[in-house]
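Reproduced below: structure19.txt, with compact mmCIF, C-alpha atoms.
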```txt
# COMPACT_ATOMS: atom_id res chain seq x y z
CA MET A 1 211.20 -20.92 -26.73
CA LEU A 2 209.00 -23.90 -27.44
CA GLN A 3 207.84 -23.85 -31.07
CA GLY A 4 204.29 -23.09 -32.06
CA MET A 5 203.53 -21.00 -29.00
CA THR A 6 202.69 -17.33 -28.53
CA ILE A 7 204.00 -15.08 -25.80
CA ASN A 8 201.45 -14.46 -23.09
CA ARG A 9 201.42 -12.27 -19.99
CA PHE A 10 199.83 -13.27 -16.78
CA GLY A 11 198.46 -11.31 -13.90
CA HIS A 12 198.86 -11.28 -10.16
CA GLY A 13 200.34 -14.17 -8.19
CA VAL A 14 199.24 -15.86 -5.03
CA LEU A 15 202.04 -16.47 -2.53
CA PHE A 16 201.45 -18.74 0.45
CA ALA A 17 203.70 -17.86 3.38
CA LEU A 18 204.78 -21.41 4.13
CA ALA A 19 205.80 -22.23 0.57
CA VAL A 20 209.25 -21.89 -0.94
CA THR A 21 209.96 -22.73 -4.54
CA LEU A 22 206.73 -24.68 -4.79
CA GLY A 23 207.50 -26.62 -1.70
CA VAL A 24 207.15 -25.84 1.96
CA THR A 25 210.16 -24.49 3.86
CA ALA A 26 210.64 -27.83 5.54
CA GLY A 27 210.02 -29.67 2.59
CA CYS A 28 210.24 -29.93 -1.14
CA SER A 29 213.12 -30.00 -3.56
CA ASP A 30 210.86 -30.85 -6.47
CA GLN A 31 208.59 -27.95 -7.20
CA GLY A 32 209.16 -24.27 -7.77
CA ALA A 33 205.67 -22.84 -7.35
CA VAL A 34 203.69 -21.24 -4.57
CA LYS A 35 201.28 -23.52 -2.77
CA SER A 36 199.49 -24.05 0.45
CA ALA A 37 198.11 -27.56 0.35
CA PRO A 38 199.48 -30.86 -0.92
CA PRO A 39 197.24 -33.55 -2.31
CA LYS A 40 196.21 -35.93 0.43
CA PRO A 41 197.48 -39.49 0.41
CA ALA A 42 195.45 -40.93 -2.24
CA ALA A 43 193.50 -42.87 -4.31
CA THR A 44 194.85 -44.92 -7.15
CA SER A 45 193.99 -43.06 -10.30
CA GLY A 46 192.66 -44.40 -13.50
CA ALA A 47 194.50 -44.97 -16.71
CA THR A 48 193.61 -46.45 -20.03
CA THR A 49 195.57 -47.52 -23.07
CA THR A 50 194.01 -46.59 -26.39
CA SER A 51 195.95 -49.18 -28.39
CA THR A 52 198.81 -51.63 -28.01
CA THR A 53 201.28 -48.91 -28.90
CA ALA A 54 199.67 -45.75 -27.54
CA PRO A 55 200.91 -44.34 -24.21
CA PRO A 56 198.50 -44.69 -21.27
CA LEU A 57 196.10 -41.90 -20.39
CA VAL A 58 196.62 -40.92 -16.78
CA SER A 59 194.42 -38.88 -14.47
CA GLY A 60 193.72 -38.26 -10.81
CA ARG A 61 190.60 -40.39 -10.85
CA ASP A 62 189.89 -43.32 -8.55
CA ASN A 63 186.62 -45.00 -9.37
CA GLY A 64 187.64 -48.34 -7.93
CA THR A 65 187.58 -50.02 -11.33
CA ALA A 66 190.12 -48.33 -13.58
CA THR A 67 193.65 -49.75 -13.62
CA LEU A 68 197.04 -48.10 -14.02
CA PRO A 69 199.74 -49.23 -16.43
CA PRO A 70 201.80 -52.13 -15.00
CA GLY A 71 203.91 -50.86 -12.12
CA HIS A 72 202.22 -47.44 -11.97
CA PRO A 73 201.97 -46.11 -8.39
CA PRO A 74 199.04 -44.18 -6.91
CA LEU A 75 199.30 -40.75 -8.49
CA ALA A 76 199.00 -38.84 -5.21
CA GLY A 77 201.93 -40.54 -3.57
CA ALA A 78 200.08 -42.52 -0.92
CA GLY A 79 202.10 -43.21 2.19
CA ASN A 80 203.71 -39.76 2.29
CA PRO A 81 202.10 -37.57 4.98
CA PRO A 82 201.41 -33.92 4.09
CA PRO A 83 203.84 -31.32 5.43
CA PRO A 84 202.88 -30.05 8.90
CA GLY A 85 200.69 -26.99 9.20
CA LEU A 86 199.06 -27.30 5.78
CA PRO A 87 195.39 -28.15 5.28
CA PRO A 88 194.53 -31.25 3.25
CA VAL A 89 193.12 -31.05 -0.24
CA PRO A 90 189.29 -31.09 -0.04
CA GLU A 91 187.60 -34.44 -0.53
CA GLY A 92 187.14 -35.18 -4.23
CA ALA A 93 189.23 -32.25 -5.45
CA GLY A 94 191.21 -33.07 -8.57
CA THR A 95 189.48 -36.42 -9.07
CA GLY A 96 186.71 -37.76 -11.30
CA ASP A 97 185.18 -34.95 -13.36
CA ALA A 98 187.52 -32.52 -11.59
CA ALA A 99 190.62 -34.40 -12.75
CA LEU A 100 193.09 -33.57 -15.48
CA ALA A 101 194.24 -36.44 -17.72
CA TRP A 102 197.23 -36.85 -20.04
CA LYS A 103 199.12 -39.43 -22.09
CA VAL A 104 202.45 -40.62 -20.73
CA PRO A 105 205.18 -40.32 -23.40
CA ALA A 106 206.61 -43.57 -24.71
CA GLY A 107 209.82 -44.53 -22.94
CA TRP A 108 209.12 -42.52 -19.81
CA ILE A 109 209.34 -44.63 -16.67
CA VAL A 110 206.63 -44.33 -14.04
CA GLU A 111 207.98 -43.92 -10.51
CA LYS A 112 206.44 -43.76 -7.06
CA PRO A 113 205.88 -40.07 -6.24
CA ALA A 114 208.61 -38.81 -3.91
CA SER A 115 206.20 -36.74 -1.83
CA SER A 116 202.51 -36.28 -1.19
CA MET A 117 202.66 -33.04 -3.17
CA ARG A 118 203.14 -35.00 -6.39
CA ARG A 119 200.26 -36.51 -8.36
CA ALA A 120 202.64 -38.34 -10.71
CA GLN A 121 206.37 -38.75 -11.29
CA TYR A 122 208.38 -40.05 -14.26
CA LYS A 123 212.03 -40.85 -14.90
CA VAL A 124 212.97 -39.55 -18.34
CA PRO A 125 215.91 -41.48 -19.84
CA GLY A 126 218.63 -39.67 -21.76
CA LYS A 127 222.19 -40.29 -22.95
CA ALA A 128 223.41 -37.28 -20.96
CA GLY A 129 221.71 -38.58 -17.81
CA ASP A 130 218.16 -39.15 -16.67
CA GLY A 131 215.73 -36.31 -16.17
CA GLU A 132 212.60 -36.18 -14.07
CA CYS A 133 209.09 -34.96 -14.72
CA ALA A 134 206.78 -34.40 -11.75
CA VAL A 135 203.11 -33.40 -11.75
CA PHE A 136 201.72 -31.35 -8.86
CA TYR A 137 198.19 -30.48 -7.72
CA PHE A 138 197.36 -28.54 -4.55
CA GLY A 139 193.59 -28.09 -4.60
CA PRO A 140 191.16 -25.24 -5.33
CA GLY A 141 192.55 -21.78 -4.64
CA GLN A 142 196.08 -23.10 -4.04
CA GLY A 143 199.28 -23.21 -6.04
CA GLY A 144 199.57 -19.68 -7.34
CA ASP A 145 199.17 -18.12 -10.77
CA PRO A 146 201.27 -19.27 -13.76
CA MET A 147 203.71 -16.36 -13.87
CA SER A 148 204.45 -16.53 -10.15
CA ASN A 149 205.29 -20.19 -10.55
CA ALA A 150 207.48 -19.54 -13.59
CA GLN A 151 209.43 -16.93 -11.67
CA ARG A 152 210.00 -19.30 -8.78
CA TRP A 153 211.10 -22.06 -11.12
CA ALA A 154 213.56 -19.62 -12.69
CA GLU A 155 214.84 -18.66 -9.24
CA GLN A 156 216.03 -22.24 -8.87
CA PHE A 157 218.55 -21.62 -11.69
CA SER A 158 221.59 -19.37 -12.03
CA LEU A 159 223.50 -18.33 -15.15
CA ALA A 160 227.18 -19.01 -15.89
CA ASP A 161 228.21 -15.75 -14.21
CA GLY A 162 226.27 -16.69 -11.08
CA SER A 163 223.47 -14.21 -11.70
CA PRO A 164 219.80 -15.26 -11.36
CA ALA A 165 218.36 -16.94 -14.44
CA GLY A 166 215.10 -15.00 -14.37
CA SER A 167 216.29 -12.67 -17.13
CA ALA A 168 216.80 -15.68 -19.43
CA MET A 169 213.45 -17.29 -18.67
CA LYS A 170 211.17 -17.86 -21.67
CA THR A 171 207.40 -18.03 -21.33
CA SER A 172 204.68 -18.75 -23.84
CA GLU A 173 201.13 -20.01 -24.15
CA LEU A 174 199.87 -23.17 -25.81
CA GLU A 175 196.17 -23.70 -26.44
CA VAL A 176 195.15 -27.33 -26.00
CA GLY A 177 191.52 -28.24 -26.67
CA GLY A 178 190.32 -24.94 -25.29
CA LEU A 179 192.74 -25.02 -22.35
CA LYS A 180 195.26 -22.18 -22.20
CA VAL A 181 198.44 -23.80 -20.91
CA PHE A 182 201.24 -21.57 -19.68
CA MET A 183 204.71 -22.79 -20.70
CA VAL A 184 208.11 -21.87 -19.28
CA GLU A 185 211.71 -22.75 -20.11
CA VAL A 186 214.93 -21.87 -18.31
CA ALA A 187 218.48 -23.27 -18.27
CA GLY A 188 221.66 -22.93 -16.25
CA THR A 189 222.89 -24.31 -12.94
CA TYR A 190 219.96 -25.94 -11.20
CA LYS A 191 219.99 -25.22 -7.48
CA GLY A 192 216.74 -27.02 -6.78
CA GLY A 193 214.88 -26.30 -3.57
CA MET A 194 215.18 -27.46 -0.01
CA THR A 195 215.45 -31.16 0.68
CA MET A 196 213.29 -32.97 3.21
CA THR A 197 216.08 -32.35 5.75
CA ALA A 198 216.09 -28.61 4.97
CA VAL A 199 219.56 -28.94 3.42
CA PRO A 200 219.94 -27.13 0.08
CA ALA A 201 220.09 -29.46 -2.90
CA LYS A 202 223.45 -29.90 -4.61
CA PRO A 203 223.79 -27.48 -7.57
CA GLN A 204 223.56 -29.19 -10.97
CA PRO A 205 225.34 -27.26 -13.75
CA GLY A 206 224.18 -27.69 -17.33
CA TYR A 207 220.52 -28.29 -16.48
CA ARG A 208 217.31 -27.22 -18.17
CA LEU A 209 213.68 -26.96 -17.11
CA LEU A 210 210.53 -27.22 -19.17
CA GLY A 211 207.37 -26.40 -17.26
CA ALA A 212 203.65 -26.12 -17.86
CA VAL A 213 200.79 -24.78 -15.77
CA ALA A 214 197.45 -26.12 -16.95
CA PRO A 215 193.99 -25.10 -15.70
CA GLY A 216 192.18 -28.12 -14.31
CA PRO A 217 188.42 -28.13 -13.69
CA ASP A 218 188.86 -26.94 -10.10
CA ALA A 219 192.52 -25.83 -9.82
CA ASN A 220 195.80 -25.49 -11.70
CA TRP A 221 198.06 -28.49 -12.33
CA TYR A 222 201.84 -28.03 -12.52
CA PHE A 223 204.17 -30.05 -14.78
CA LYS A 224 207.89 -29.65 -14.06
CA PHE A 225 210.47 -31.44 -16.23
CA THR A 226 214.12 -31.00 -15.21
CA GLY A 227 217.32 -32.76 -16.21
CA PRO A 228 220.64 -32.46 -18.03
CA ASP A 229 220.41 -29.94 -20.84
CA GLU A 230 220.79 -32.46 -23.67
CA THR A 231 218.29 -34.88 -22.14
CA VAL A 232 215.64 -32.19 -21.82
CA LYS A 233 216.28 -31.01 -25.37
CA GLU A 234 216.01 -34.59 -26.66
CA GLN A 235 212.73 -35.07 -24.81
CA ARG A 236 211.25 -31.66 -25.64
CA ASP A 237 208.84 -33.09 -28.21
CA ALA A 238 207.77 -35.82 -25.79
CA PHE A 239 207.01 -33.25 -23.07
CA THR A 240 205.13 -31.08 -25.54
CA SER A 241 203.11 -34.08 -26.73
CA MET A 242 202.12 -34.83 -23.14
CA VAL A 243 200.97 -31.24 -22.67
CA LYS A 244 199.04 -31.38 -25.95
CA SER A 245 197.23 -34.51 -24.73
CA LEU A 246 195.81 -32.77 -21.65
CA LYS A 247 192.07 -32.83 -21.17
CA HIS A 248 189.59 -32.14 -18.39
CA GLY A 249 188.06 -35.04 -16.57
CA ALA A 250 189.23 -38.56 -15.80
CA SER A 251 189.97 -41.10 -18.49
```

Please rewrite the model in this file as structure tokens.
Amino acid sequence: MLQGMTINRFGHGVLFALAVTLGVTAGCSDQGAVKSAPPKPAATSGATTTSTTAPPLVSGRDNGTATLPPGHPPLAGAGNPPPPGLPPVPEGAGTGDAALAWKVPAGWIVEKPASSMRRAQYKVPGKAGDGECAVFYFGPGQGGDPMSNAQRWAEQFSLADGSPAGSAMKTSELEVGGLKVFMVEVAGTYKGGMTMTAVPAKPQPGYRLLGAVAPGPDANWYFKFTGPDETVKEQRDAFTSMVKSLKHGAS
């Protein structure tokens, strides 16, 4: 259980028929939530640095003037076409005043998003092996409720005896500047989802997931941090600090 959080229960879930473990059947090993639309190939989002030492503030905004940290890719993963059969995210959704912004933890390495479903992607260094944190946004009315997503994330893990890890899943709520952010944690053997070739991902024993579902101005945003158990534990405070920096609107 992440510290400083209270247990919260969530209501009904929205399950899109083409989605499996937060990716489409043909397509996503990264996300364990229900969805029906990926972000369209996109716009370079804005980012600012508040001081010479502060992490950059990242959002889905593209106003044509803001700049990303050196080497930061477009947050929507431009160049990756959306999965077939899914409608595009509406024009302007999740950008500008409808964006969600956050501070990137120090030491996290910005990477080009692996798919058009990702708004941002970071490599998280650790002595036990690198982890990965991906940020997803699917547009208004898409993505599913927090508990449904948590359950699907947990379904990507199994316990030592091979049983599903759902019984060991921990959920909580963190209030951030008036935003009620749903948090989830689960550990075990990480089975991932389906790869882009529809081949199951290789199981990764000794893995842990920290996740957050945050309400954006027009839709939920999904933060999924996975990696070797010790790496995720080492970076727990960094992940929590990123969640605590969330705010509505572009930087």

Set out as a tab-separated table a contact list for segment 172-251 of chain A and segment 124-137 of chain A with a cut-off of 9 Å, giving each residue of segment 172-251 of chain A that qualifies its closest atom pair and distance in Å to one decimal, counting only C-alpha atoms, ordered by chain and rising residue number.
```
residue	atom	partner	partner_atom	distance
A:Ala219	CA	A:Tyr137	CA	7.6
A:Asn220	CA	A:Tyr137	CA	6.8
A:Trp221	CA	A:Tyr137	CA	5.0
A:Tyr222	CA	A:Phe136	CA	4.9
A:Phe223	CA	A:Val135	CA	4.6
A:Lys224	CA	A:Ala134	CA	5.4
A:Phe225	CA	A:Cys133	CA	4.1
A:Thr226	CA	A:Glu132	CA	5.5
A:Gly227	CA	A:Gly131	CA	3.9
A:Pro228	CA	A:Gly129	CA	6.2
A:Asp229	CA	A:Ala128	CA	7.9
A:Glu230	CA	A:Ala128	CA	6.1
A:Thr231	CA	A:Gly126	CA	4.8
A:Val232	CA	A:Gly131	CA	7.0
A:Glu234	CA	A:Gly126	CA	7.5
A:Gln235	CA	A:Val124	CA	7.9
A:Phe239	CA	A:Cys133	CA	8.8
```

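Residue neighbourhood of Gln156 of chain A, excluding near-sequence residues (fewer than 4 positions): A:Arg152, A:Tyr190, A:Lys191, A:Gly192, A:Gly193, at 7 Å, using only C-alpha atoms.
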
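Atom CA of Ala98 of chain A sits 10.3 Å away from atom CA of Pro140 of chain A.
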
Å distance separating atom CA of Trp102 of chain A from atom CA of Glu155 of chain A, one decimal place: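 It comes out at 27.5 Å.
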
Rounded to one decimal place, report the atom CA of Glu111 of chain A-atom CA of Glu173 of chain A distance in Å. 28.4 Å

For Val243 of chain A, which residue among A:Asp145, A:Glu91, A:Glu175, A:Asp161 is the nearest when counting all atoms listed in the file?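 Closest to Val243 of chain A, using all atoms listed in the file: A:Glu175.
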
Near Ala238 of chain A, within 8 Å and counting all atoms listed in the file, which residues show up once chain neighbours fewer than 4 positions away are dropped, as a count of residues only? 3
